[in-house]
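Asks: This one is run_3.cif, mmCIF, C-alpha atoms.
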```
data_coords
#
loop_
_atom_site.label_atom_id
_atom_site.label_comp_id
_atom_site.auth_asym_id
_atom_site.auth_seq_id
_atom_site.Cartn_x
_atom_site.Cartn_y
_atom_site.Cartn_z
CA MET A 1 175.42 -14.41 -90.02
CA PRO A 2 174.39 -11.13 -88.41
CA ARG A 3 177.15 -8.61 -88.10
CA PHE A 4 177.39 -5.52 -85.94
CA ASP A 5 179.48 -2.45 -86.46
CA THR A 6 181.68 -2.74 -83.37
CA LEU A 7 183.67 0.44 -84.07
CA ASN A 8 180.84 2.75 -83.23
CA PRO A 9 178.38 1.23 -80.75
CA ALA A 10 176.01 4.13 -81.26
CA ARG A 11 175.53 3.02 -84.84
CA MET A 12 175.10 -0.70 -84.16
CA VAL A 13 172.65 -2.06 -86.67
CA TRP A 14 171.23 -5.47 -87.40
CA ASP A 15 172.93 -6.67 -90.53
CA GLY A 16 171.23 -10.04 -90.83
CA PRO A 17 168.12 -10.95 -92.77
CA ALA A 18 165.13 -8.91 -91.65
CA PRO A 19 162.13 -11.05 -90.69
CA ALA A 20 159.30 -10.82 -93.19
CA PRO A 21 156.38 -8.76 -91.84
CA GLU A 22 153.97 -11.67 -92.26
CA GLU A 23 156.30 -13.88 -90.26
CA ALA A 24 156.46 -11.29 -87.51
CA VAL A 25 152.65 -11.14 -87.36
CA LEU A 26 152.43 -14.94 -87.30
CA GLU A 27 155.02 -15.07 -84.57
CA TYR A 28 153.21 -12.80 -82.17
CA THR A 29 149.86 -14.37 -83.07
CA ARG A 30 151.27 -17.73 -82.00
CA GLU A 31 152.65 -16.17 -78.85
CA LEU A 32 149.32 -14.52 -78.10
CA GLU A 33 147.46 -17.78 -78.60
CA LYS A 34 149.83 -19.50 -76.20
CA PHE A 35 149.31 -16.74 -73.66
CA LEU A 36 145.51 -16.86 -73.93
CA ALA A 37 145.46 -20.65 -73.73
CA GLU A 38 147.53 -20.50 -70.58
CA ILE A 39 145.42 -17.85 -68.90
CA GLU A 40 141.85 -18.52 -70.05
CA ARG A 41 140.69 -21.04 -67.41
CA ARG A 42 141.88 -19.03 -64.46
CA ALA A 43 140.39 -15.90 -66.01
CA PHE A 44 137.10 -17.69 -66.43
CA ARG A 45 136.98 -18.82 -62.81
CA MET A 46 137.87 -15.35 -61.59
CA ALA A 47 135.16 -13.85 -63.78
CA GLN A 48 132.75 -16.44 -62.43
CA VAL A 49 133.53 -15.46 -58.85
CA GLY A 50 132.59 -11.89 -59.75
CA LEU A 51 129.58 -12.64 -61.95
CA ARG A 52 128.31 -16.00 -60.65
CA ASP A 53 126.80 -16.96 -63.97
CA PRO A 54 129.09 -19.14 -66.15
CA ASP A 55 127.68 -17.75 -69.41
CA ASP A 56 128.28 -14.17 -68.33
CA ALA A 57 131.77 -15.14 -67.20
CA LEU A 58 132.48 -16.73 -70.56
CA ASP A 59 131.23 -13.61 -72.36
CA ALA A 60 133.46 -11.42 -70.22
CA VAL A 61 136.53 -13.57 -70.91
CA GLN A 62 135.86 -13.73 -74.65
CA ASP A 63 135.37 -9.99 -74.80
CA ALA A 64 138.64 -9.43 -72.94
CA MET A 65 140.46 -11.81 -75.30
CA LEU A 66 139.08 -10.00 -78.32
CA LYS A 67 140.01 -6.56 -77.04
CA LEU A 68 143.50 -7.66 -76.09
CA ALA A 69 144.07 -9.33 -79.46
CA ARG A 70 142.68 -6.40 -81.40
CA ASN A 71 144.21 -3.51 -79.56
CA TYR A 72 147.24 -4.68 -77.66
CA ALA A 73 148.67 -7.71 -79.48
CA SER A 74 151.57 -5.66 -80.80
CA ARG A 75 152.56 -4.57 -77.29
CA PRO A 76 155.40 -6.46 -75.55
CA SER A 77 154.12 -9.79 -74.29
CA ALA A 78 155.21 -8.93 -70.75
CA GLU A 79 152.43 -6.31 -70.69
CA TRP A 80 149.68 -8.67 -71.79
CA ARG A 81 148.80 -10.17 -68.42
CA PRO A 82 148.07 -6.92 -66.55
CA LEU A 83 146.38 -5.51 -69.64
CA PHE A 84 144.20 -8.56 -70.04
CA TYR A 85 143.08 -8.49 -66.42
CA ARG A 86 142.41 -4.79 -66.57
CA ILE A 87 140.14 -5.33 -69.58
CA LEU A 88 138.49 -8.29 -67.87
CA GLU A 89 137.87 -6.43 -64.62
CA ASN A 90 136.38 -3.51 -66.54
CA GLY A 91 134.10 -5.92 -68.38
CA ILE A 92 133.01 -7.58 -65.14
CA ARG A 93 132.30 -4.20 -63.57
CA ASP A 94 130.26 -3.12 -66.62
CA MET A 95 128.18 -6.29 -66.42
CA GLN A 96 127.61 -5.79 -62.70
CA ARG A 97 126.55 -2.18 -63.32
CA ARG A 98 124.11 -3.25 -66.03
CA ARG A 99 122.63 -5.82 -63.67
CA SER A 100 122.29 -3.22 -60.99
CA VAL A 101 120.49 -0.81 -63.34
CA ARG A 102 118.24 -3.61 -64.55
CA LYS A 103 117.43 -4.47 -60.97
CA ARG A 104 116.48 -0.87 -60.17
CA ILE A 105 114.33 -0.60 -63.28
CA MET A 106 112.56 -3.85 -62.49
CA THR A 107 111.91 -2.67 -58.95
CA TRP A 108 110.25 0.53 -60.23
CA LEU A 109 108.18 -1.12 -62.92
CA PRO A 110 104.49 -0.56 -62.09
CA SER A 111 103.51 -4.07 -63.08
CA ALA A 112 105.95 -5.55 -60.64
CA LYS A 113 104.77 -3.27 -57.81
CA GLU A 114 101.03 -3.24 -58.32
CA ASP A 115 100.31 -6.78 -59.35
CA PRO A 116 101.05 -9.11 -56.44
CA ASP A 117 100.63 -12.10 -58.72
CA HIS A 118 103.78 -11.08 -60.58
CA GLU A 119 105.97 -11.24 -57.52
CA ALA A 120 106.58 -14.91 -57.89
CA GLN A 121 107.61 -14.44 -61.52
CA ASP A 122 109.98 -11.53 -60.91
CA PRO A 123 113.18 -12.28 -62.87
CA LEU A 124 115.18 -10.61 -60.11
CA ASP A 125 114.40 -13.53 -57.90
CA ASN A 126 116.69 -15.50 -60.11
CA VAL A 127 119.32 -12.81 -60.64
CA ALA A 128 119.85 -11.72 -57.04
CA ASP A 129 119.68 -15.10 -55.46
CA SER A 130 122.13 -15.30 -52.58
CA ALA A 131 122.76 -18.97 -53.32
CA PRO A 132 125.10 -18.93 -56.34
CA PRO A 133 123.91 -21.08 -59.26
CA ILE A 134 127.26 -22.77 -59.71
CA PRO A 135 127.03 -26.10 -61.49
CA GLU A 136 128.07 -29.03 -59.40
CA VAL A 137 130.83 -29.83 -61.82
CA LEU A 138 132.53 -26.50 -61.03
CA MET A 139 132.57 -26.95 -57.31
CA GLN A 140 135.75 -28.18 -55.79
CA GLY A 141 134.32 -29.05 -52.45
CA GLN A 142 132.70 -27.14 -49.70
CA ALA A 143 135.77 -25.06 -48.93
CA MET A 144 136.00 -23.50 -52.38
CA GLN A 145 132.31 -22.74 -52.33
CA GLN A 146 132.70 -20.97 -49.02
CA LEU A 147 135.68 -19.06 -50.33
CA GLU A 148 133.68 -17.90 -53.34
CA VAL A 149 130.80 -16.72 -51.19
CA SER A 150 133.21 -14.82 -48.97
CA LEU A 151 135.00 -13.30 -51.96
CA ARG A 152 131.69 -12.04 -53.34
CA ALA A 153 130.97 -10.37 -50.03
CA LEU A 154 134.18 -8.32 -50.31
CA PRO A 155 134.28 -4.84 -51.86
CA ALA A 156 135.13 -5.17 -55.57
CA ARG A 157 138.60 -3.64 -55.31
CA GLN A 158 139.61 -5.90 -52.44
CA ARG A 159 138.33 -8.94 -54.33
CA GLU A 160 140.26 -7.90 -57.45
CA ALA A 161 143.47 -7.35 -55.50
CA PHE A 162 143.15 -10.70 -53.74
CA MET A 163 142.41 -12.70 -56.88
CA LEU A 164 145.09 -11.04 -59.00
CA ARG A 165 147.77 -11.32 -56.35
CA ASN A 166 146.91 -14.68 -54.86
CA PHE A 167 145.15 -16.64 -57.61
CA GLU A 168 146.87 -15.24 -60.67
CA GLY A 169 150.20 -14.63 -58.97
CA LEU A 170 150.75 -11.09 -60.23
CA ASP A 171 153.27 -9.04 -58.30
CA VAL A 172 152.32 -5.72 -56.72
CA ALA A 173 153.43 -3.64 -59.73
CA GLU A 174 151.53 -5.82 -62.22
CA THR A 175 148.45 -5.82 -60.01
CA ALA A 176 148.62 -2.03 -59.80
CA ARG A 177 148.75 -1.83 -63.60
CA ALA A 178 145.85 -4.28 -63.92
CA MET A 179 143.75 -2.37 -61.40
CA GLY A 180 144.77 1.08 -62.60
CA CYS A 181 145.85 2.25 -59.15
CA SER A 182 149.01 2.81 -57.13
CA GLN A 183 151.06 -0.01 -55.64
CA GLY A 184 150.23 1.34 -52.19
CA SER A 185 146.52 0.95 -52.90
CA VAL A 186 147.08 -2.63 -54.03
CA LYS A 187 148.84 -3.45 -50.79
CA THR A 188 146.05 -1.87 -48.76
CA HIS A 189 143.27 -3.63 -50.69
CA TYR A 190 145.06 -6.96 -50.50
CA SER A 191 145.78 -6.69 -46.80
CA ARG A 192 142.15 -5.82 -46.03
CA ALA A 193 140.92 -8.65 -48.22
CA VAL A 194 143.11 -11.23 -46.50
CA HIS A 195 142.06 -9.93 -43.10
CA ALA A 196 138.33 -10.04 -43.95
CA LEU A 197 138.53 -13.48 -45.52
CA ARG A 198 140.48 -14.90 -42.65
CA GLU A 199 137.88 -13.55 -40.24
CA GLN A 200 135.04 -15.07 -42.22
CA LEU A 201 136.64 -18.39 -43.06
CA GLY A 202 139.01 -18.88 -40.17
CA GLU A 203 136.56 -20.84 -38.10
CA VAL A 204 135.24 -22.89 -40.99
CA TRP A 205 138.65 -23.76 -42.37
CA MET B 1 153.20 -5.73 -46.53
CA ASN B 2 152.31 -8.67 -48.74
CA GLU B 3 155.17 -8.21 -51.13
CA GLN B 4 156.81 -11.60 -51.26
CA LEU B 5 159.84 -12.85 -53.03
CA PRO B 6 159.73 -16.04 -55.06
CA GLY B 7 160.29 -19.01 -52.83
CA GLU B 8 159.33 -17.11 -49.70
CA PRO B 9 156.87 -19.10 -47.57
CA ARG B 10 153.35 -17.76 -47.87
CA ASP B 11 150.68 -17.46 -45.28
CA SER B 12 148.87 -20.79 -44.87
CA PHE B 13 145.50 -19.16 -45.51
CA GLU B 14 146.76 -17.68 -48.78
CA GLU B 15 148.36 -20.99 -49.72
CA ARG B 16 145.18 -22.92 -49.08
CA SER B 17 142.91 -20.52 -50.94
CA ARG B 18 145.30 -20.50 -53.88
CA ALA B 19 145.42 -24.30 -53.96
CA LEU B 20 141.62 -24.50 -53.82
CA PHE B 21 141.29 -22.04 -56.67
CA HIS B 22 143.69 -23.98 -58.86
CA GLU B 23 141.92 -27.23 -58.09
CA SER B 24 138.66 -25.66 -59.22
CA VAL B 25 140.37 -24.48 -62.42
CA ASP B 26 141.68 -27.98 -63.10
CA GLY B 27 138.19 -29.34 -62.49
CA LEU B 28 136.54 -27.35 -65.27
CA ASP B 29 134.58 -29.72 -67.45
CA PHE B 30 135.31 -30.50 -71.06
CA ALA B 31 132.36 -28.51 -72.42
CA LEU B 32 133.58 -25.32 -70.75
CA ARG B 33 137.15 -25.88 -71.87
CA SER B 34 135.88 -26.34 -75.39
CA ARG B 35 133.87 -23.13 -75.23
CA LEU B 36 136.92 -21.28 -73.96
CA THR B 37 138.98 -22.63 -76.85
CA GLN B 38 136.31 -21.52 -79.30
CA ALA B 39 136.24 -18.08 -77.69
CA ARG B 40 140.02 -17.84 -77.98
CA ASN B 41 140.02 -18.87 -81.63
CA ALA B 42 137.25 -16.42 -82.45
CA ALA B 43 139.17 -13.61 -80.76
CA LEU B 44 142.39 -14.44 -82.59
CA GLU B 45 140.66 -14.70 -85.96
CA ALA B 46 138.85 -11.41 -85.50
CA ALA B 47 142.07 -9.74 -84.47
CA ALA B 48 144.04 -11.26 -87.36
CA ALA B 49 141.47 -10.04 -89.86
CA ARG B 50 141.80 -6.53 -88.56
CA ARG B 51 145.53 -6.61 -87.93
CA THR B 52 146.67 -7.35 -91.50
CA PRO B 53 149.60 -4.95 -91.80
CA TRP B 54 149.46 -2.13 -94.30
CA PHE B 55 152.65 -3.28 -96.05
CA SER B 56 151.15 -6.67 -96.85
CA ARG B 57 148.08 -4.94 -98.21
CA ILE B 58 150.41 -2.95 -100.48
CA GLY B 59 151.90 -6.22 -101.66
CA VAL B 60 148.46 -7.34 -102.79
CA LEU B 61 147.26 -4.00 -104.03
CA ALA B 62 150.34 -3.05 -106.07
CA PRO B 63 149.86 -5.63 -108.86
CA ALA B 64 146.16 -4.89 -108.89
CA GLY B 65 146.92 -1.19 -109.25
CA VAL B 66 149.33 -1.79 -112.14
CA THR B 67 146.75 -3.95 -113.90
CA ALA B 68 144.05 -1.36 -113.38
CA ALA B 69 146.32 1.36 -114.76
CA ALA B 70 147.11 -0.77 -117.83
CA VAL B 71 143.42 -1.42 -118.48
CA LEU B 72 142.62 2.25 -118.09
CA GLY B 73 145.44 3.20 -120.45
CA ALA B 74 144.25 0.72 -123.06
CA PHE B 75 140.70 1.95 -122.70
CA LEU B 76 141.76 5.56 -123.11
CA TRP B 77 143.91 4.70 -126.12
CA LEU B 78 141.46 2.46 -127.97
CA GLY B 79 138.36 4.29 -126.93
CA SER B 80 139.82 7.78 -127.38
CA PRO B 81 137.77 10.58 -128.96
CA LEU B 82 139.99 10.40 -132.10
CA SER B 83 139.09 6.82 -132.93
CA GLN B 84 135.47 7.41 -131.98
CA HIS B 85 135.50 10.39 -134.33
CA ALA B 86 136.83 8.24 -137.18
CA VAL B 87 134.05 5.73 -136.67
CA THR B 88 131.48 8.50 -136.58
CA VAL B 89 132.71 9.91 -139.86
CA ALA B 90 132.60 6.51 -141.53
CA ASP B 91 129.12 5.91 -140.20
CA GLY B 92 128.08 9.34 -141.44
CA GLN B 93 129.27 8.57 -144.95
CA SER B 94 127.39 5.28 -144.95
CA ASN B 95 124.24 7.01 -143.81
CA LEU B 96 124.63 9.56 -146.57
CA GLU B 97 124.83 6.83 -149.18
CA ASP B 98 121.71 5.23 -147.73
CA LEU B 99 119.93 8.53 -147.88
CA GLU B 100 120.92 9.02 -151.48
CA LEU B 101 119.69 5.55 -152.32
CA VAL B 102 116.33 6.15 -150.64
CA ALA B 103 116.07 9.58 -152.20
CA SER B 104 116.74 8.22 -155.61
CA ALA B 105 114.14 5.51 -154.98
CA ASP B 106 111.66 8.17 -154.01
CA GLU B 107 112.36 9.92 -157.27
CA GLY B 108 111.44 6.73 -159.13
CA SER B 109 114.92 5.89 -160.32
CA GLY B 110 114.67 2.74 -162.41
CA ASP B 111 117.93 1.21 -161.31
CA ALA B 112 117.14 1.54 -157.68
CA MET B 113 113.62 0.17 -158.08
CA ASP B 114 114.91 -2.75 -160.08
CA MET B 115 117.37 -3.58 -157.35
CA LEU B 116 114.62 -3.46 -154.74
CA GLN B 117 112.35 -5.70 -156.76
CA ASP B 118 115.12 -8.21 -157.37
CA ASP B 119 115.77 -8.60 -153.70
CA ILE B 120 112.25 -7.99 -152.44
CA GLU B 121 112.12 -11.32 -150.66
CA PHE B 122 115.40 -10.60 -148.97
CA TYR B 123 114.27 -7.17 -147.76
CA ASP B 124 110.98 -8.66 -146.60
CA TRP B 125 112.84 -11.26 -144.53
CA ALA B 126 115.27 -8.66 -143.20
CA GLU B 127 112.43 -6.44 -142.07
CA LYS B 128 110.71 -9.33 -140.27
CA ALA B 129 113.95 -10.38 -138.67
CA ALA B 130 114.64 -6.84 -137.46
CA ASN B 131 111.13 -6.47 -136.03
CA SER B 132 111.08 -9.80 -134.24
CA GLY B 133 114.37 -9.18 -132.37
CA PRO B 134 117.58 -11.18 -131.96
CA ALA B 135 115.85 -14.55 -131.55
CA ALA B 136 114.63 -14.46 -135.14
CA SER B 137 118.09 -13.83 -136.54
CA SER B 138 119.35 -17.19 -135.35
#
```
Output the structure of this file as structure tokens.

Replies:
Amino acid sequence: MPRFDTLNPARMVWDGPAPAPEEAVLEYTRELEKFLAEIERRAFRMAQVGLRDPDDALDAVQDAMLKLARNYASRPSAEWRPLFYRILENGIRDMQRRRSVRKRIMTWLPSAKEDPDHEAQDPLDNVADSAPPIPEVLMQGQAMQQLEVSLRALPARQREAFMLRNFEGLDVAETARAMGCSQGSVKTHYSRAVHALREQLGEVW
Amino acid sequence: MNEQLPGEPRDSFEERSRALFHESVDGLDFALRSRLTQARNAALEAAAARRTPWFSRIGVLAPAGVTAAAVLGAFLWLGSPLSQHAVTVADGQSNLEDLELVASADEGSGDAMDMLQDDIEFYDWAEKAANSGPAASS
């Protein structure tokens, strides 16, 4: 039975059996697994909204899981959600940047410019297609598809704020931690996102 | 602005978009769910491999260290320069005796020559065995 020294609260110490270090590691590994299992599908869909491609989205989610498990597993579990989404958003942004650079390079390649026969085989035709290659199985009706298209049209920060606040249910403080900005910025981004989406989808919905 | 308390009614647009998103999450197919599970397991395994705490490593390394120290101590004791020196001296004496034997044979000592002739077949076999390597000795 754990006992505390009640005479001097400043010196209160745990007097019970200390948990074995291995047990402690196992405990937070189990907790982390539970957390990842609970979050992974939503994270995947959010990554897919940003990246379009399911394979890229899966890569981004796996990378975020790995980084969280490696670097932040020992942090209090209450911090995991904003940390995870911060890692995920950084990964999504990196992938988008790489795509953008690739697109610029492909545009400047002499073979692509000079040889008109190559135009039809330009890989960018597939990458920058405005119609998202979402498998039928992932579509939950016309409305969700329209919402995704509208979300992609938003500036990245507004999209992040909207998805974290509305889809993931983070509060303003957690969203601010996930986005690495102030709570005021979160409120501004979110408000603008809702306004823009409502304007775009109001008539359709 | 959009700070809402739990239970507070949300904007219908936000409610609808949230519901649509969660429906799409629930509609993920089995193959994707399986890939996500694999990704999660891979991440946890990789992290567990790296996260092995230093104190548990000490628990494994301490007995290994004691064993290594014991082996090193035994090696130093048994294979010390003193014992090697003793062996060298003994070998040196044996070599000296051999030299004397050969020298006396060179001088035509009768005893030595007789001994060689008696065992000439043995020495012949020993020479062949030595020249043909370890396989011949068996």

Asks: Residues of chain B within 7 Å of chain A, counting only C-alpha atoms, what are they? List them as a PyMOL selection string.

Replies: chain B and resi 1-3+14+18+20-21+23-25+27-29+36+39-40+43-44+47

Asks: If we count all atoms listed in the file, what is near Phe84 of chain A at a cut-off of 8 Å, once residues fewer than 2 positions away on the same chain are taken out, given as a VMD selection string?

Replies: chain A and resid 64 to 65 68 80 to 82 86 to 88 178

Asks: Could you check how far atom CA of Glu31 of chain A sits from atom CA of Glu160 of chain A, in Å to one decimal?

Replies: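 Separation between atom CA of Glu31 of chain A and atom CA of Glu160 of chain A: 26.1 Å.
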
Asks: On this file, the PyMOL selection byres ((chain A and resi 51) around 10) gives some set of residues; write that set as a list in words.

Replies: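 This file gives the following for the PyMOL selection byres ((chain A and resi 51) around 10): Arg45, Met46, Ala47, Gln48, Val49, Gly50, Arg52, Asp53, Pro54, Asp55, Asp56, Ala57, Leu58, Ala60, Ile92, Arg93, Met95, Gln96, Arg99, Pro132 and Arg152 of chain A.
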
Asks: Since we have the selection now, will you write its residues out, keeping C-alpha atoms, as a JSON list (two decimals), in the coordinates of the input?

Replies:
```json
[["chain", "number", "residue", "atom", "x", "y", "z"],
["A", 45, "ARG", "CA", 136.98, -18.82, -62.81],
["A", 46, "MET", "CA", 137.87, -15.35, -61.59],
["A", 47, "ALA", "CA", 135.16, -13.85, -63.78],
["A", 48, "GLN", "CA", 132.75, -16.44, -62.43],
["A", 49, "VAL", "CA", 133.53, -15.46, -58.85],
["A", 50, "GLY", "CA", 132.59, -11.89, -59.75],
["A", 52, "ARG", "CA", 128.31, -16.00, -60.65],
["A", 53, "ASP", "CA", 126.80, -16.96, -63.97],
["A", 54, "PRO", "CA", 129.09, -19.14, -66.15],
["A", 55, "ASP", "CA", 127.68, -17.75, -69.41],
["A", 56, "ASP", "CA", 128.28, -14.17, -68.33],
["A", 57, "ALA", "CA", 131.77, -15.14, -67.20],
["A", 58, "LEU", "CA", 132.48, -16.73, -70.56],
["A", 60, "ALA", "CA", 133.46, -11.42, -70.22],
["A", 92, "ILE", "CA", 133.01, -7.58, -65.14],
["A", 93, "ARG", "CA", 132.30, -4.20, -63.57],
["A", 95, "MET", "CA", 128.18, -6.29, -66.42],
["A", 96, "GLN", "CA", 127.61, -5.79, -62.70],
["A", 99, "ARG", "CA", 122.63, -5.82, -63.67],
["A", 132, "PRO", "CA", 125.10, -18.93, -56.34],
["A", 152, "ARG", "CA", 131.69, -12.04, -53.34]]
```

Asks: As an exercise, work out the distance from atom CA of Asp26 of chain B to atom CA of Gln142 of chain A in Å and give it to one decimal place.

Replies: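 Atom CA of Gln142 of chain A lies at a distance of 16.2 Å from atom CA of Asp26 of chain B.
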
Asks: As an exercise, work out the distance from atom CA of Asn90 of chain A to atom CA of Phe30 of chain B in Å and give it to one decimal place.

Replies: 27.4 Å

Asks: Using all atoms listed in the file, which residue out of B:Ala49, B:Val71, B:Tyr123, B:Phe13 lies closest to Ala196 of chain A?

Replies: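 Ranking B:Ala49, B:Val71, B:Tyr123, B:Phe13 by distance to Ala196 of chain A, first place goes to B:Phe13.
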